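Shown here: coords-v9.csv, CSV, C-alpha atoms and all ligand atoms.
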```csv
chain,number,residue,atom,x,y,z
A,1,MET,CA,223.4,29.8,201.4
A,2,THR,CA,226.3,30.5,203.7
A,3,CYS,CA,226.9,28.0,206.5
A,4,LEU,CA,226.8,29.3,210.1
A,5,SER,CA,229.2,26.7,211.3
A,6,LYS,CA,232.0,24.6,209.7
A,7,ILE,CA,232.5,20.9,209.9
A,8,GLN,CA,235.8,19.4,211.0
A,9,LEU,CA,237.1,15.8,210.6
A,10,LEU,CA,238.2,14.3,213.9
A,11,SER,CA,241.1,11.9,214.4
A,12,HIS,CA,241.1,9.4,217.2
A,13,PRO,CA,242.7,5.9,217.4
A,14,LEU,CA,239.3,4.3,217.9
A,15,PHE,CA,238.0,5.7,214.7
A,16,ASP,CA,240.9,4.1,212.8
A,17,SER,CA,240.6,0.8,214.5
A,18,HIS,CA,236.8,0.6,213.8
A,19,LYS,CA,237.2,2.1,210.3
A,20,VAL,CA,234.7,4.9,210.7
A,21,GLN,CA,235.0,8.6,209.8
A,22,VAL,CA,233.8,11.1,212.3
A,23,TRP,CA,233.1,14.8,211.7
A,24,VAL,CA,231.9,17.4,214.1
A,25,LYS,CA,229.6,20.2,213.1
A,26,ARG,CA,230.8,23.1,215.2
A,27,ASP,CA,227.5,24.8,216.1
A,28,ASP,CA,229.3,25.6,219.4
A,29,SER,CA,231.2,28.2,217.4
A,30,ILE,CA,228.2,30.0,215.9
A,31,HIS,CA,228.3,32.8,218.5
A,32,ALA,CA,230.3,33.2,221.7
A,33,ILE,CA,227.2,33.5,223.8
A,34,ILE,CA,224.1,32.4,221.8
A,35,SER,CA,225.8,29.1,221.0
A,36,GLY,CA,224.8,26.0,219.3
A,37,ASN,CA,221.2,24.7,219.1
A,38,LYS,CA,219.9,27.6,221.2
A,39,TRP,CA,220.8,30.1,218.4
A,40,ARG,CA,219.1,27.8,215.8
A,41,LYS,CA,215.9,27.4,218.0
A,42,LEU,CA,215.6,31.1,218.9
A,43,LYS,CA,216.1,32.5,215.4
A,44,PHE,CA,212.5,32.2,214.1
A,45,ASN,CA,211.0,32.6,217.6
A,46,LEU,CA,212.5,36.1,217.9
A,47,ALA,CA,211.8,37.0,214.3
A,48,HIS,CA,208.2,36.0,214.7
A,49,LEU,CA,207.7,37.9,217.9
A,50,LYS,CA,209.1,41.0,216.4
A,51,GLN,CA,206.6,40.9,213.7
A,52,GLN,CA,203.6,40.7,216.1
A,53,SER,CA,202.1,44.0,216.9
A,54,GLY,CA,201.6,44.8,220.6
A,55,ILE,CA,204.2,42.4,221.9
A,56,LYS,CA,206.2,43.9,224.8
A,57,GLY,CA,208.8,41.3,225.4
A,58,ALA,CA,209.6,37.6,225.6
A,59,LEU,CA,209.3,35.1,228.5
A,60,SER,CA,210.9,31.7,228.8
A,61,PHE,CA,211.7,28.9,231.3
A,62,GLY,CA,214.8,27.2,232.5
A,63,GLY,CA,216.7,25.7,235.4
A,64,SER,CA,219.1,28.0,237.2
A,65,TYR,CA,222.2,26.9,235.1
A,66,SER,CA,220.2,26.7,231.9
A,67,ASN,CA,222.1,27.2,228.6
A,68,HIS,CA,218.8,28.3,227.0
A,69,ILE,CA,218.2,31.0,229.6
A,70,HIS,CA,221.8,32.3,229.1
A,71,ALA,CA,221.4,32.3,225.3
A,72,PHE,CA,217.9,33.8,225.4
A,73,ALA,CA,218.9,36.6,227.8
A,74,PHE,CA,221.8,37.7,225.5
A,75,ALA,CA,219.8,37.3,222.3
A,76,CYS,CA,217.0,39.5,223.7
A,77,PHE,CA,219.5,42.0,224.9
A,78,GLN,CA,221.2,42.2,221.5
A,79,GLN,CA,217.8,42.6,219.7
A,80,GLY,CA,216.4,45.1,222.3
A,81,ILE,CA,213.6,42.8,223.5
A,82,PRO,CA,212.7,43.0,227.2
A,83,CYS,CA,212.8,39.5,228.6
A,84,ILE,CA,211.7,37.4,231.6
A,85,GLY,CA,213.2,34.1,232.8
A,86,VAL,CA,210.9,31.8,234.8
A,87,ILE,CA,213.5,30.0,236.8
A,88,ARG,CA,213.2,26.7,238.7
A,89,GLY,CA,214.4,27.1,242.3
A,90,GLU,CA,215.1,29.6,245.0
A,91,ALA,CA,216.1,33.2,244.6
A,92,ASP,CA,219.6,32.6,246.0
A,93,TYR,CA,220.5,31.1,242.6
A,94,ALA,CA,220.3,34.6,241.2
A,95,ASN,CA,224.0,35.0,242.0
A,96,ASN,CA,225.2,31.9,240.2
A,97,PHE,CA,227.4,32.0,237.1
A,98,THR,CA,224.5,31.7,234.6
A,99,LEU,CA,222.0,33.9,236.2
A,100,THR,CA,224.5,36.7,237.0
A,101,TRP,CA,225.1,37.0,233.3
A,102,ALA,CA,221.4,36.7,232.4
A,103,GLN,CA,220.6,39.6,234.7
A,104,TYR,CA,223.6,41.6,233.5
A,105,TRP,CA,222.0,41.5,230.0
A,106,GLY,CA,218.8,42.7,231.4
A,107,MET,CA,216.7,39.6,232.0
A,108,LYS,CA,214.2,39.8,234.9
A,109,LEU,CA,214.1,36.7,236.9
A,110,HIS,CA,210.9,35.1,238.2
A,111,PHE,CA,211.6,32.2,240.5
A,112,VAL,CA,209.1,29.4,241.0
A,113,ASP,CA,209.4,26.4,243.3
A,114,ARG,CA,210.0,22.9,241.8
A,115,LYS,CA,206.4,21.9,242.1
A,116,THR,CA,205.2,25.0,240.2
A,117,TYR,CA,207.9,24.6,237.6
A,118,ARG,CA,206.6,21.1,236.8
A,119,ARG,CA,203.5,22.9,235.5
A,120,ARG,CA,205.6,24.8,232.8
A,121,HIS,CA,203.8,23.1,229.9
A,122,ASP,CA,200.2,23.3,231.4
A,123,ALA,CA,197.8,25.5,229.7
A,124,ASP,CA,196.4,26.9,233.0
A,125,PHE,CA,199.9,27.8,234.3
A,126,ILE,CA,200.8,29.5,231.0
A,127,ALA,CA,197.5,31.4,231.1
A,128,GLU,CA,198.4,32.6,234.7
A,129,LEU,CA,201.8,33.8,233.5
A,130,GLN,CA,200.3,35.5,230.5
A,131,ALA,CA,197.9,37.4,232.8
A,132,GLN,CA,200.8,38.3,235.0
A,133,PHE,CA,203.0,39.4,232.1
A,134,PRO,CA,200.6,40.7,229.5
A,135,ASN,CA,201.8,41.0,225.9
A,136,TYR,CA,204.9,38.9,226.6
A,137,PHE,CA,205.6,36.2,223.9
A,138,ILE,CA,206.0,32.9,225.8
A,139,ILE,CA,208.6,30.5,224.5
A,140,PRO,CA,208.7,27.0,226.1
A,141,GLU,CA,211.7,25.6,228.0
A,142,GLY,CA,214.7,25.1,225.8
A,143,GLY,CA,213.1,27.1,223.1
A,144,SER,CA,211.6,23.9,221.8
A,145,ASN,CA,208.4,24.7,219.9
A,146,GLU,CA,207.2,24.7,216.3
A,147,LEU,CA,209.2,27.8,215.5
A,148,ALA,CA,212.4,26.1,216.6
A,149,ILE,CA,212.0,23.5,213.9
A,150,PRO,CA,212.9,25.5,210.7
A,151,GLY,CA,215.9,27.0,212.5
A,152,VAL,CA,217.4,23.7,213.4
A,153,ALA,CA,216.4,22.2,210.0
A,154,GLU,CA,219.0,24.6,208.5
A,155,VAL,CA,221.7,22.4,210.0
A,156,MET,CA,220.8,19.9,207.3
A,157,SER,CA,220.8,22.3,204.4
A,158,GLU,CA,224.3,23.4,205.6
A,159,LEU,CA,225.5,19.8,205.9
A,160,LYS,CA,224.3,19.1,202.4
A,161,GLN,CA,226.9,21.5,201.2
A,162,GLN,CA,229.6,20.3,203.5
A,163,THR,CA,229.9,16.5,203.4
A,164,GLN,CA,228.2,13.2,202.7
A,165,PHE,CA,227.5,11.1,205.7
A,166,ASP,CA,225.5,8.2,206.9
A,167,THR,CA,224.7,8.9,210.5
A,168,LEU,CA,224.1,12.1,212.5
A,169,MET,CA,224.3,12.1,216.3
A,170,THR,CA,223.0,14.8,218.6
A,171,PRO,CA,222.4,15.0,222.4
A,172,VAL,CA,218.7,15.2,223.3
A,173,GLY,CA,217.2,17.2,226.1
A,174,SER,CA,213.7,18.4,225.3
A,175,GLY,CA,213.9,16.9,221.8
A,176,GLY,CA,213.4,20.1,219.8
A,177,THR,CA,216.8,19.8,218.2
A,178,LEU,CA,216.3,16.2,217.0
A,179,ALA,CA,212.8,17.1,215.7
A,180,GLY,CA,214.4,20.0,213.6
A,181,LEU,CA,217.1,17.7,212.3
A,182,ILE,CA,214.5,15.0,211.2
A,183,THR,CA,212.5,17.7,209.5
A,184,GLY,CA,215.6,19.2,207.8
A,185,ASP,CA,216.7,15.7,206.6
A,186,LYS,CA,213.4,15.1,204.9
A,187,GLU,CA,213.4,18.5,203.3
A,188,ASN,CA,216.9,18.3,201.9
A,189,TYR,CA,217.5,14.7,201.0
A,190,ASP,CA,215.9,12.0,199.0
A,191,ILE,CA,217.9,9.4,200.9
A,192,GLU,CA,217.3,9.0,204.6
A,193,HIS,CA,220.2,9.3,207.0
A,194,LYS,CA,220.3,7.6,210.3
A,195,LEU,CA,219.6,10.2,213.0
A,196,LEU,CA,220.7,9.1,216.4
A,197,GLY,CA,219.7,11.1,219.5
A,198,ILE,CA,221.4,10.5,222.8
A,199,ALA,CA,219.1,11.3,225.7
A,200,VAL,CA,221.0,13.1,228.5
A,201,LEU,CA,218.3,12.6,231.1
A,202,LYS,CA,217.0,9.5,232.8
A,203,GLY,CA,213.7,7.8,231.9
A,204,ALA,CA,213.6,9.7,228.6
A,205,ASP,CA,211.3,7.2,226.7
A,206,TYR,CA,208.5,9.8,226.8
A,207,LEU,CA,210.7,12.0,224.5
A,208,ILE,CA,209.8,9.8,221.5
A,209,ASP,CA,206.2,11.0,221.6
A,210,GLU,CA,207.3,14.6,222.3
A,211,ILE,CA,209.6,14.6,219.3
A,212,SER,CA,206.9,13.0,217.0
A,213,GLY,CA,204.6,15.7,218.2
A,214,LEU,CA,207.0,18.4,217.0
A,215,LEU,CA,207.3,17.0,213.5
A,216,PRO,CA,205.2,18.2,210.6
A,217,SER,CA,202.4,15.7,210.2
A,218,ALA,CA,203.6,14.5,206.8
A,219,ILE,CA,206.7,12.9,208.3
A,220,GLN,CA,205.4,11.8,211.7
A,221,GLN,CA,205.5,8.2,210.5
A,222,HIS,CA,209.1,8.3,209.5
A,223,ARG,CA,211.4,6.2,211.6
A,224,ASN,CA,214.9,6.9,210.4
A,225,TRP,CA,215.6,8.3,213.8
A,226,GLN,CA,216.1,6.8,217.2
A,227,VAL,CA,216.6,8.1,220.8
A,228,LEU,CA,219.0,6.0,222.8
A,229,THR,CA,218.0,6.3,226.4
A,230,ASN,CA,220.7,4.3,228.1
A,231,PHE,CA,223.6,6.8,227.9
A,232,HIS,CA,222.4,9.3,230.5
A,233,ARG,CA,225.1,8.3,233.0
A,234,GLY,CA,222.8,8.6,236.0
A,235,GLY,CA,220.6,11.5,235.0
A,236,TYR,CA,220.6,15.1,233.9
A,237,ALA,CA,223.9,16.9,234.7
A,238,LYS,CA,225.1,13.7,236.4
A,239,PHE,CA,228.3,12.1,235.5
A,240,SER,CA,231.1,10.1,237.2
A,241,HIS,CA,234.7,11.3,237.7
A,242,GLN,CA,235.6,8.6,235.1
A,243,ASP,CA,233.1,10.0,232.6
A,244,ALA,CA,234.5,13.5,233.0
A,245,GLN,CA,238.0,12.0,232.6
A,246,ARG,CA,237.1,10.2,229.3
A,247,ILE,CA,235.5,13.4,227.9
A,248,MET,CA,238.6,15.3,228.8
A,249,GLU,CA,240.9,12.8,227.1
A,250,PHE,CA,238.7,12.9,224.0
A,251,ASN,CA,238.9,16.7,224.0
A,252,GLN,CA,242.7,16.4,224.2
A,253,THR,CA,242.9,13.8,221.5
A,254,THR,CA,240.7,15.6,219.0
A,255,GLY,CA,241.4,19.2,219.9
A,256,VAL,CA,237.7,20.0,220.2
A,257,ASP,CA,236.1,20.8,223.6
A,258,PHE,CA,233.0,19.0,224.7
A,259,GLU,CA,231.2,19.5,228.0
A,260,PRO,CA,229.8,16.7,230.2
A,261,VAL,CA,226.1,17.6,230.3
A,262,TYR,CA,225.1,17.4,226.7
A,263,SER,CA,227.7,17.0,223.9
A,264,GLY,CA,230.1,15.0,226.2
A,265,LYS,CA,227.4,12.4,226.8
A,266,MET,CA,227.1,12.1,223.0
A,267,VAL,CA,230.8,11.5,222.9
A,268,LEU,CA,230.7,8.9,225.6
A,269,ALA,CA,227.8,7.2,223.8
A,270,LEU,CA,229.9,7.3,220.5
A,271,LEU,CA,232.9,5.6,222.3
A,272,ASP,CA,230.7,3.0,223.9
A,273,LEU,CA,228.8,2.2,220.7
A,274,LEU,CA,232.1,1.9,218.8
A,275,GLU,CA,233.4,-0.6,221.3
A,276,GLN,CA,230.1,-2.5,221.1
A,277,GLY,CA,230.6,-2.8,217.3
A,278,TYR,CA,227.4,-0.8,216.7
A,279,PHE,CA,228.7,1.0,213.6
A,280,THR,CA,229.5,-0.6,210.2
A,281,LYS,CA,232.9,-0.5,208.6
A,282,GLY,CA,233.2,2.7,206.5
A,283,GLU,CA,230.3,4.4,208.3
A,284,ARG,CA,230.5,8.2,208.1
A,285,ILE,CA,229.3,9.9,211.3
A,286,VAL,CA,228.6,13.5,212.0
A,287,LEU,CA,228.4,14.7,215.6
A,288,LEU,CA,226.4,17.9,216.1
A,289,HIS,CA,228.3,20.0,218.7
A,290,THR,CA,225.3,21.8,220.3
A,291,GLY,CA,227.4,24.2,222.3
A,292,GLY,CA,226.5,24.8,226.0
A,293,MET,CA,230.1,25.6,227.1
A,294,GLN,CA,228.7,28.3,229.5
A,295,GLY,CA,227.4,25.4,231.6
A,296,LEU,CA,231.0,24.7,232.6
A,297,GLY,CA,231.0,28.0,234.6
A,298,GLY,CA,228.3,26.6,237.0
A,299,MET,CA,230.0,23.2,237.3
A,300,ILE,CA,233.3,24.8,238.2
A,301,GLU,CA,231.5,27.1,240.6
A,302,ARG,CA,229.9,24.0,242.3
A,303,ASP,CA,233.3,22.1,242.3
A,304,MET,CA,231.9,19.5,240.0
A,305,LEU,CA,234.9,20.1,237.7
A,306,ASN,CA,238.4,21.5,238.0
A,307,ALA,CA,238.8,24.9,236.4
A,308,GLU,CA,242.3,23.9,235.2
A,309,ASP,CA,241.0,20.9,233.2
A,310,TRP,CA,238.2,22.6,231.3
A,311,PRO,CA,237.9,25.8,229.2
A,312,ALA,CA,236.4,27.8,232.0
A,313,PRO,CA,234.0,30.5,230.7
A,314,GLN,CA,234.5,34.1,231.6
A,315,ARG,CA,233.0,35.4,234.8
A,316,ILE,CA,231.7,39.0,235.0
A,317,ALA,CA,234.7,41.1,235.9
A,318,LYS,CA,234.2,44.3,237.9
A,319,GLY,CA,233.6,47.2,235.5
A,320,THR,CA,232.8,45.0,232.6
A,321,MET,CA,231.2,47.1,229.9
A,322,LEU,CA,227.8,46.1,228.6
A,323,THR,CA,228.3,45.3,224.9
A,324,THR,CA,226.7,43.3,222.2
A,325,ASP,CA,230.2,42.6,220.6
A,326,PHE,CA,230.9,39.1,221.4
B,1,LIG,C1,219.6,22.6,225.3
B,1,LIG,C2,220.8,21.8,224.8
B,1,LIG,C3,220.6,20.5,224.2
B,1,LIG,C4,219.3,19.9,224.1
B,1,LIG,O1,218.5,20.3,223.0
B,1,LIG,P1,217.0,19.9,222.9
B,1,LIG,O2,216.5,20.6,221.7
B,1,LIG,O3,216.3,20.4,224.2
B,1,LIG,O4,216.9,18.4,222.8
B,1,LIG,C5,221.7,19.9,223.7
B,1,LIG,N1,222.9,20.4,223.9
B,1,LIG,C6,223.1,21.6,224.5
B,1,LIG,C7,224.5,22.1,224.6
B,1,LIG,C8,222.1,22.3,225.0
B,1,LIG,O5,222.3,23.5,225.6
```

Once you've parsed the file, please lay out its structure as structure tokens.
Ligand SMILES: *Cc1c(COP(=O)(O)O)cnc(C)c1O
Amino acid sequence: MTCLSKIQLLSHPLFDSHKVQVWVKRDDSIHAIISGNKWRKLKFNLAHLKQQSGIKGALSFGGSYSNHIHAFAFACFQQGIPCIGVIRGEADYANNFTLTWAQYWGMKLHFVDRKTYRRRHDADFIAELQAQFPNYFIIPEGGSNELAIPGVAEVMSELKQQTQFDTLMTPVGSGGTLAGLITGDKENYDIEHKLLGIAVLKGADYLIDEISGLLPSAIQQHRNWQVLTNFHRGGYAKFSHQDAQRIMEFNQTTGVDFEPVYSGKMVLALLDLLEQGYFTKGERIVLLHTGGMQGLGGMIERDMLNAEDWPAPQRIAKGTMLTTDF
């Protein structure tokens, strides 16, 4: 099996002083647009819907700066699948960085207010949407469903060919990625690794049940994984100036770019945990870089970050040709 992404050994003075080895699995580099875990989660969803007869398109959910919506729009464009994004918030978001691209690739936007958006997992709301958009295959927010699991599990079969390790860290949003990693760990290894999820949102304890619910029943009792819920830095997409500065310094030291909403929070957790003496001497840690660099576009647009300090993603230039070659 060929590996979709490479791994890279990182150097940082803290890794030397704490005698740990840290690799990063570069899922951010899988594809320029459909990056990271979204590529992994969409893979079997899109394959499945293409096999169904009578399916007209795909529908999914996200916030107005969502990495999933961005990746989903491009993947559908590339594969010729009509797609709809159910977006939380008002229609004026349609001109923001993320949604401009999504529409450019042909996604139709369906805005709902925050109260309605909260019903995104409710069966009655799904049924309403299905009636409104008949024959559209509905994929939950973040692409996190049962079909996402085997795609993410492939990270583990790749890692098996790439390095030995003790601990794997990943950022956690909806939990689909961590569930896929747990499943892949069980499928590929006799030994159990320590799988450490860093929740990027506040009050994320409910995620533990969600993740268990996504696991195949045979491994639901396994507890080689953990979600650390104290590293959210104030909540989803929240971070201090100092947090952003620390991520930037880490990026400069290691030569790999992380962003402050997901992978950067994992980095901050790693640095804090190292300082707390959490890891043992000689521990081999792999960080999963889940991608999401497009999110920087929206943060720069909202002046949450300086364009000069971060790898600003490309805006749509006038006259840009519609192409699948990225
Ligand atoms: C969506 C996303 C996550 C969260 O993944 P879940 O499967 O929802 O837990 C992590 N990192 C990035 C960059 C993402 O875009």

Neighbouring residues of ligand LIG 1 (chain B) are defined here as those with any atom at most 10 Å from a ligand atom, counting only C-alpha atoms and all ligand atoms; list them as an mmCIF file with C-alpha atoms, keeping the file's coordinate frame.
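Listing of result.cif after writing:
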```cif
data_model
loop_
_atom_site.group_PDB
_atom_site.id
_atom_site.type_symbol
_atom_site.label_atom_id
_atom_site.label_comp_id
_atom_site.auth_asym_id
_atom_site.auth_seq_id
_atom_site.Cartn_x
_atom_site.Cartn_y
_atom_site.Cartn_z
ATOM 1 C CA ASP A 27 227.500 24.800 216.100
ATOM 2 C CA ASP A 28 229.300 25.600 219.400
ATOM 3 C CA ILE A 34 224.100 32.400 221.800
ATOM 4 C CA SER A 35 225.800 29.100 221.000
ATOM 5 C CA GLY A 36 224.800 26.000 219.300
ATOM 6 C CA ASN A 37 221.200 24.700 219.100
ATOM 7 C CA LYS A 38 219.900 27.600 221.200
ATOM 8 C CA TRP A 39 220.800 30.100 218.400
ATOM 9 C CA ARG A 40 219.100 27.800 215.800
ATOM 10 C CA LYS A 41 215.900 27.400 218.000
ATOM 11 C CA GLY A 62 214.800 27.200 232.500
ATOM 12 C CA SER A 66 220.200 26.700 231.900
ATOM 13 C CA ASN A 67 222.100 27.200 228.600
ATOM 14 C CA HIS A 68 218.800 28.300 227.000
ATOM 15 C CA ILE A 69 218.200 31.000 229.600
ATOM 16 C CA HIS A 70 221.800 32.300 229.100
ATOM 17 C CA ALA A 71 221.400 32.300 225.300
ATOM 18 C CA GLU A 141 211.700 25.600 228.000
ATOM 19 C CA GLY A 142 214.700 25.100 225.800
ATOM 20 C CA GLY A 143 213.100 27.100 223.100
ATOM 21 C CA SER A 144 211.600 23.900 221.800
ATOM 22 C CA ASN A 145 208.400 24.700 219.900
ATOM 23 C CA ALA A 148 212.400 26.100 216.600
ATOM 24 C CA ILE A 149 212.000 23.500 213.900
ATOM 25 C CA VAL A 152 217.400 23.700 213.400
ATOM 26 C CA THR A 170 223.000 14.800 218.600
ATOM 27 C CA PRO A 171 222.400 15.000 222.400
ATOM 28 C CA VAL A 172 218.700 15.200 223.300
ATOM 29 C CA GLY A 173 217.200 17.200 226.100
ATOM 30 C CA SER A 174 213.700 18.400 225.300
ATOM 31 C CA GLY A 175 213.900 16.900 221.800
ATOM 32 C CA GLY A 176 213.400 20.100 219.800
ATOM 33 C CA THR A 177 216.800 19.800 218.200
ATOM 34 C CA LEU A 178 216.300 16.200 217.000
ATOM 35 C CA ALA A 179 212.800 17.100 215.700
ATOM 36 C CA GLY A 180 214.400 20.000 213.600
ATOM 37 C CA LEU A 181 217.100 17.700 212.300
ATOM 38 C CA GLY A 197 219.700 11.100 219.500
ATOM 39 C CA ILE A 198 221.400 10.500 222.800
ATOM 40 C CA ALA A 199 219.100 11.300 225.700
ATOM 41 C CA VAL A 200 221.000 13.100 228.500
ATOM 42 C CA LEU A 207 210.700 12.000 224.500
ATOM 43 C CA ILE A 211 209.600 14.600 219.300
ATOM 44 C CA PHE A 258 233.000 19.000 224.700
ATOM 45 C CA GLU A 259 231.200 19.500 228.000
ATOM 46 C CA PRO A 260 229.800 16.700 230.200
ATOM 47 C CA VAL A 261 226.100 17.600 230.300
ATOM 48 C CA TYR A 262 225.100 17.400 226.700
ATOM 49 C CA SER A 263 227.700 17.000 223.900
ATOM 50 C CA GLY A 264 230.100 15.000 226.200
ATOM 51 C CA LYS A 265 227.400 12.400 226.800
ATOM 52 C CA MET A 266 227.100 12.100 223.000
ATOM 53 C CA LEU A 288 226.400 17.900 216.100
ATOM 54 C CA HIS A 289 228.300 20.000 218.700
ATOM 55 C CA THR A 290 225.300 21.800 220.300
ATOM 56 C CA GLY A 291 227.400 24.200 222.300
ATOM 57 C CA GLY A 292 226.500 24.800 226.000
ATOM 58 C CA MET A 293 230.100 25.600 227.100
ATOM 59 C CA GLN A 294 228.700 28.300 229.500
ATOM 60 C CA GLY A 295 227.400 25.400 231.600
#
```

Please report as CSV every residue of region 64-179 of chain A lying within 12 Å of region 10-21 of chain A, along with the nearest atom pair and their distance in Å (one decimal), using all atoms listed in the file.
```
residue,atom,partner,partner_atom,distance
A:Thr163,CA,A:Gln21,CA,11.4
A:Gln164,CA,A:Gln21,CA,10.9
A:Phe165,CA,A:Gln21,CA,8.9
A:Asp166,CA,A:Gln21,CA,9.9
A:Thr167,CA,A:Gln21,CA,10.3
A:Leu168,CA,A:Gln21,CA,11.8
```

Pick from A:His241, A:Lys186, A:Arg233, A:Arg26 nearest to Leu268 (chain A), counting all atoms listed in the file: A:Arg233

Just checking: using all atoms listed in the file, which residue out of A:Val24, A:Leu270, A:Pro216, A:Lys50 ends up closest to Gly80 (chain A)?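 Distance minimum relative to Gly80 (chain A) lands on A:Lys50.
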
Show which residues sit within 10 Å of Ala102 (chain A), as number ranges by chain. Count all atoms listed in the file, and ignore same-chain residues fewer than 3 positions away. A: 69-74, 77, 83-85, 94, 96-99, 105-109

Pairwise distance for CA of Asp122 (chain A) and CA of Phe61 (chain A), rounded to one decimal in Å: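 Between these atoms lies a distance of 12.8 Å.
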
Å distance separating CA of Phe239 (chain A) from CA of Ala307 (chain A), one decimal place: 16.6 Å

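In this structure, CA of Thr116 (chain A) sits 26.5 Å away from CA of Thr229 (chain A).
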
For Ala312 (chain A), please output as a PyMOL selection string all residues within 8 Å (counting all atoms listed in the file; exclusion window: fewer than 2 positions along the same chain). chain A and resi 296-297+300+307-308+310+314

So which residues are close to (208.9, 32.6, 219.3), meaning at most 8 Å away in the file's coordinates with all atoms listed in the file counted, and can you show them as a ChimeraX atom specification? /A:42,44-49,137-139,143,145,147-148

Selection as an mmCIF file with C-alpha atoms, keeping the file's coordinate frame: residues within 6 Å of (217.0, 6.0, 210.8), counting all atoms listed in the file:
```cif
data_model
loop_
_atom_site.group_PDB
_atom_site.id
_atom_site.type_symbol
_atom_site.label_atom_id
_atom_site.label_comp_id
_atom_site.auth_asym_id
_atom_site.auth_seq_id
_atom_site.Cartn_x
_atom_site.Cartn_y
_atom_site.Cartn_z
ATOM 1 C CA HIS A 193 220.200 9.300 207.000
ATOM 2 C CA LYS A 194 220.300 7.600 210.300
ATOM 3 C CA LEU A 195 219.600 10.200 213.000
ATOM 4 C CA ARG A 223 211.400 6.200 211.600
ATOM 5 C CA ASN A 224 214.900 6.900 210.400
ATOM 6 C CA TRP A 225 215.600 8.300 213.800
#
```

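Proximity of A:Ile285, A:Ala237, A:Leu129, A:Leu215 to Gly298 (chain A), computed with only C-alpha atoms, is greatest for A:Ala237.
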
Using all atoms listed in the file, which residue out of A:Gln103, A:Gln221, A:Ser29, A:Ser212 lies closest to Pro82 (chain A)? A:Gln103

Option closest in space to Arg118 (chain A), from A:Met299, A:Val86, A:Asn135, A:Tyr93 [counting all atoms listed in the file]: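 Counting all atoms listed in the file, the residue closest to Arg118 (chain A) is A:Val86.
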
Minimum-distance residue to Gln78 (chain A), chosen among A:Ile219, A:Ile33, A:Gly203, A:Gly213 (using all atoms listed in the file):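 Closest residue, counting all atoms listed in the file: A:Ile33.
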